[in-house]
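J.: Could you have a look at this structure, given as structure tokens, before my questions?
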Amino acid sequence: MQTTFTPEQLQDPDIQRSNQILRSCVHCGFCTATCPTYQILGDELDSPRGRIYLIKDMLENERKPDAKTVQHIDRCLSCLACMTTCPSGVHYMHLVDHARAYIEKNYDRPWSDRALRWILAQVLPYPMRFRLALFGAKLGRPFARFMPDPRLRAMLEMAPRQIPPVSRNDDPQTFAVADKKMRVALMTGCAQKALNTDINDATIRLLTRFGAEVVVAEGAGCCGALTHHMGKESESHRAAAANIRAWVREMDEGGLDAIVINTSGCGTTVKDYGHMFRNDPLAADAARVSAIAMDVSEVLMKLDLPTGADKATKVAYHAACSLQHGQKIKTYPKDLLKKAGFTVLEPADSHLCCGSAGTYNLMQPVISKQLKARKVRTLEALTPDIIAAGNIGCMMQIGSGTGVPIVHTVELLDWATGGPQPPALTAPGKTTPQVPILR
């Protein structure tokens with residue numbers, strides 16, 4: 001794609017990067033075949049190629065964003081399926097992130113949009129605030145149908161029926177092991193700590209069982225992804241910088257072989273810290289962090305879990321977009337589940353998003369519900385005993401639309417290797433799978 005940025009504009013490192021990305025696009029349109037919003041809406045401007053044109057025009061002309069441009073960019077899920085499909089290697093993620101930051105600085109949103117985005121940015125990244133908000137939403141849930149704004153209904157409907165108690169495993173500490181094979185820092189996250197404490201608990205048990213000393217670093221918290229994808233750079237960089245400092249301190253004091261992340265949306269962002277901070281005094285430390293950031297499945301492959309007996313349990317594996325497209329990890333979770341003895345099934349639309357996408361299900365609930373309904377249909381068509389995924393957002397999204405229990409991949413692997421049965425398998429309102437005891 002030809003661009004016409006001026007030499008003065010190209011002095012801006014963000015414009016430089018976007019110019020490189022725009023020039024790599026050859027207008028082929030392969031991206032439209034795997035774009036969820038284009039599949040649903042059929043509008044060229046709701047495809048990656050269409051959004052690229054809008055972004056190019058906006059940035060080149062230093063134009064104040066108009067409502068139409070903002071609408072189409074807001075509708076992007078950042079699922080990054082287009083990056084998997086693109087034969088030219090267009091790094092759409094960095095381009096749309098730049099566009100969102102530009103919009104945040106230059107567009108005056110309607111007051112209702114500003115209020116919603118402010119609330120999400122002030123609540124979701126903070127576990128205790130989010131926990132209190134969930135209690136409030138739980139009380140208001142019976143009145144959701146009376147809410148005139150579908151976004152408010154989505155916020156109330158998001159509240160789980162049961163809010164788990166705080167897990168002390170998420171506190172800063174070290175889980176030592178006798179025969180240490182590696183030392184890792186576990187990112188405990190933010191929203192996940194309020195929505196589902198079983199995931200971190202299972203991760204710690206699983207890692208320590210097979211020789212990994214696990215550190216929960218003092219000062220680490222939200223990865224910054226939620227605000228990053230809203231274009232709120234100052235908030236996202238502040239959260240990321242706290243993590244960088246916390247993990248670098250652990251790297252310098254005790255050494256780290258990996259930073260383990262069990263929420264794939266966070267993993268995609270942490271692995272991109274090197275880019276996010278490339279022009280910041282923290283650049284070198286950010287690059288060090290990104291270099292050892294790993295999805296939990298990557299670390300478990302290194303630990304070489306034992307092979308389990310056939311369990312005759314059908315597991316439908318949902319591939320989170322941030323894992324398969326953002327991090328290019330497509331086989332490890334399935335390989336681990338198969339090795340543990342599970343029969344692993346994949347839906348026909350495994351490459352397409354479930355509609356969660358961070359805060360997308362709250363800000364774009366109509367499109368999100370259509371994507372959820374399609375994903376649930378294709379998963380249930382497999383008649384699985386259990387659904388497994390590697391991202392809390394996907395788990396909440398899919399779980400709200402099916403009676404099949406959904407758990408994190410690490411919960412099944414923990415169960416298969418001596419841990420407790422995942423609580424979600426016997427949760428109220430779910431179909432208890434007829435599966436044998438695994439150990």
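Going by the structure tokens order, chains are called A, B, ..., each with residues numbered from 1, while ligands are numbered from 1 in the order shown.
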Could you pull the residues within 9 Å of stretch 105-108 of chain A, counting only C-alpha atoms, minus those fewer than 6 positions along the same chain, as a VMD selection string?

T.: chain A and resid 63 to 67 70 114 231 to 232

J.: So that I can check the surroundings of A:Arg161, please list as a PyMOL selection string every protein, DNA and RNA residue that reaches within 12 Å of it, counting only C-alpha atoms and ignoring chain neighbours fewer than 4 positions away.

T.: chain A and resi 134-142+156-157+195-196+396+399-400+427-430

J.: Please save C-alpha atoms of the selected residues as a tab-separated table (two decimals), in the first residue's frame.

T.:
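Final output, part37.tsv:
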chain	number	residue	atom	x	y	z
A	134	LEU	CA	-19.59	-8.22	40.85
A	135	PHE	CA	-21.50	-8.35	44.12
A	136	GLY	CA	-23.42	-5.26	43.05
A	137	ALA	CA	-24.11	-6.69	39.59
A	138	LYS	CA	-25.28	-9.95	41.15
A	139	LEU	CA	-27.90	-8.04	43.15
A	140	GLY	CA	-28.99	-6.12	40.06
A	141	ARG	CA	-29.03	-9.12	37.74
A	142	PRO	CA	-32.81	-9.82	38.10
A	156	LEU	CA	-25.31	-7.13	34.93
A	157	GLU	CA	-25.51	-10.46	33.13
A	195	LEU	CA	-13.94	-14.35	38.69
A	196	ASN	CA	-12.20	-17.71	39.13
A	396	MET	CA	-16.96	-16.69	31.04
A	399	GLY	CA	-19.94	-20.70	29.95
A	400	SER	CA	-22.81	-18.20	30.01
A	427	ALA	CA	-21.23	-26.46	39.63
A	428	PRO	CA	-24.98	-25.75	40.00
A	429	GLY	CA	-26.76	-25.38	36.68
A	430	LYS	CA	-24.16	-27.41	34.78

J.: Excluding stretch 330-334 of chain A and any residue of its chain fewer than 6 positions from it, enumerate the residues within 7 Å of it, using only C-alpha atoms, and give them as a PDB file with N, CA and C atoms, in the first residue's frame.

T.:
ATOM      1  N   SER A 297       1.113 -23.329  28.924  1.00  0.00           N
ATOM      2  CA  SER A 297       1.286 -24.547  28.125  1.00  0.00           C
ATOM      3  C   SER A 297       2.717 -24.690  27.619  1.00  0.00           C
ATOM      4  N   GLU A 298       3.377 -23.565  27.328  1.00  0.00           N
ATOM      5  CA  GLU A 298       4.777 -23.616  26.891  1.00  0.00           C
ATOM      6  C   GLU A 298       5.678 -24.139  28.003  1.00  0.00           C
ATOM      7  N   GLN A 324      -3.943 -18.636  19.873  1.00  0.00           N
ATOM      8  CA  GLN A 324      -3.635 -19.206  18.554  1.00  0.00           C
ATOM      9  C   GLN A 324      -3.204 -18.164  17.535  1.00  0.00           C
ATOM     10  N   VAL A 344      -9.544 -35.269  22.642  1.00  0.00           N
ATOM     11  CA  VAL A 344      -9.654 -33.832  22.360  1.00  0.00           C
ATOM     12  C   VAL A 344     -10.378 -33.612  21.031  1.00  0.00           C
ATOM     13  N   THR A 409      -7.580 -25.337  30.863  1.00  0.00           N
ATOM     14  CA  THR A 409      -6.755 -26.495  30.513  1.00  0.00           C
ATOM     15  C   THR A 409      -5.928 -26.970  31.701  1.00  0.00           C
TER      16      THR A 409
END

J.: Which parts of stretch 224-391 of chain A does DSSP call helix (DSSP H, G or I) when run on the backbone here, written out as number ranges by chain?

T.: A: 225-228, 233-253, 264-270, 273-276, 283-292, 296-303, 321-326, 332-339, 360-363, 365-380

J.: Interatomic distance between atom CA of A:Phe210 and atom CA of A:Lys302?

T.: 10.2 Å

J.: From the list A:Ala178, A:Met93, A:Leu413, A:Leu124, which residue is nearest A:Ser18 when using only C-alpha atoms?

T.: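 So, comparing all the options, the nearest one is A:Met93.
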
J.: From stretch 103-286 of chain A, collect each residue whose DSSP state is strand (DSSP E) and return the set as an MDAnalysis selection string.

T.: chainID A and resid 173:175 182:187 212:216 258:261

J.: Would you kindly return, as a VMD selection string, each protein, DNA or RNA residue with an atom no farther than 12 Å from any atom of A:Leu336, considering only C-alpha atoms and excluding same-chain residues fewer than 4 positions away?

T.: chain A and resid 296 to 308 317 330 to 332 340 to 344 388 409 to 414 416 to 417

J.: Mind checking which residues fall within 8 Å of stretch 291-295 of chain A, counting only C-alpha atoms, ignoring those fewer than 6 positions away in the same chain, and posting them as a ChimeraX atom specification?

T.: /A:257-264,267,270-271

J.: Using only C-alpha atoms, determine which residues lie at most 9 Å from A:Thr268, disregarding the query and same-chain residues fewer than 6 positions distant; provide the list as a ChimeraX atom specification.

T.: /A:225,295,322-323,326-327

J.: Tell me, as a PDB file with N, CA and C atoms, in the first residue's frame, which residues lie within 8 Å of stretch 280-290 of chain A, counting only C-alpha atoms; anything in the same chain fewer than 5 positions away does not count.

T.:
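File produced: around-v3.pdb:
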ATOM      1  N   ALA A 241       4.407  -1.117  33.569  1.00  0.00           N
ATOM      2  CA  ALA A 241       5.676  -0.735  34.189  1.00  0.00           C
ATOM      3  C   ALA A 241       5.819  -1.337  35.576  1.00  0.00           C
ATOM      4  N   ILE A 244       6.869  -4.906  35.063  1.00  0.00           N
ATOM      5  CA  ILE A 244       8.258  -4.981  34.598  1.00  0.00           C
ATOM      6  C   ILE A 244       9.219  -4.826  35.777  1.00  0.00           C
ATOM      7  N   ARG A 245       8.962  -3.840  36.608  1.00  0.00           N
ATOM      8  CA  ARG A 245       9.853  -3.614  37.760  1.00  0.00           C
ATOM      9  C   ARG A 245       9.809  -4.793  38.729  1.00  0.00           C
ATOM     10  N   TRP A 247       9.045  -7.988  38.124  1.00  0.00           N
ATOM     11  CA  TRP A 247       9.648  -9.216  37.590  1.00  0.00           C
ATOM     12  C   TRP A 247      11.153  -9.066  37.375  1.00  0.00           C
ATOM     13  N   VAL A 248      11.586  -7.890  36.984  1.00  0.00           N
ATOM     14  CA  VAL A 248      13.030  -7.676  36.832  1.00  0.00           C
ATOM     15  C   VAL A 248      13.724  -7.800  38.192  1.00  0.00           C
ATOM     16  N   ILE A 259       8.317 -16.266  32.964  1.00  0.00           N
ATOM     17  CA  ILE A 259       7.162 -15.605  33.573  1.00  0.00           C
ATOM     18  C   ILE A 259       5.944 -16.336  33.019  1.00  0.00           C
ATOM     19  N   VAL A 270       1.896  -9.065  27.435  1.00  0.00           N
ATOM     20  CA  VAL A 270       3.196  -9.095  28.116  1.00  0.00           C
ATOM     21  C   VAL A 270       4.310  -9.421  27.123  1.00  0.00           C
ATOM     22  N   LYS A 271       4.049 -10.312  26.191  1.00  0.00           N
ATOM     23  CA  LYS A 271       5.053 -10.636  25.183  1.00  0.00           C
ATOM     24  C   LYS A 271       5.333  -9.452  24.259  1.00  0.00           C
ATOM     25  N   ASP A 272       4.445  -8.450  24.293  1.00  0.00           N
ATOM     26  CA  ASP A 272       4.626  -7.257  23.459  1.00  0.00           C
ATOM     27  C   ASP A 272       5.166  -6.069  24.252  1.00  0.00           C
ATOM     28  N   TYR A 273       5.511  -6.267  25.527  1.00  0.00           N
ATOM     29  CA  TYR A 273       6.056  -5.165  26.330  1.00  0.00           C
ATOM     30  C   TYR A 273       7.292  -4.536  25.672  1.00  0.00           C
ATOM     31  N   GLY A 274       8.116  -5.361  25.047  1.00  0.00           N
ATOM     32  CA  GLY A 274       9.317  -4.839  24.397  1.00  0.00           C
ATOM     33  C   GLY A 274       8.975  -3.786  23.360  1.00  0.00           C
ATOM     34  N   HIS A 275       7.891  -4.021  22.606  1.00  0.00           N
ATOM     35  CA  HIS A 275       7.446  -3.031  21.617  1.00  0.00           C
ATOM     36  C   HIS A 275       6.797  -1.837  22.298  1.00  0.00           C
TER      37      HIS A 275
END

J.: I'd like the interatomic distance between atom CA of A:Ile398 and atom CA of A:Thr203, to a tenth of an Å.

T.: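 Rounded to one decimal, the two atoms are 21.3 Å apart.
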
J.: What is the distance between atom CA of A:Gly403 and atom CA of A:Gln162, in Å to one decimal?

T.: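 Atom CA of A:Gln162 lies 15.7 Å from atom CA of A:Gly403.
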
J.: Name the closest residue to A:Asn391 among the candidates A:Ala176, A:Asn279, A:Ala191, A:His98; distances are taken between atoms, counting only C-alpha atoms.

T.: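 Smallest distance to A:Asn391 is found for A:Ala191.
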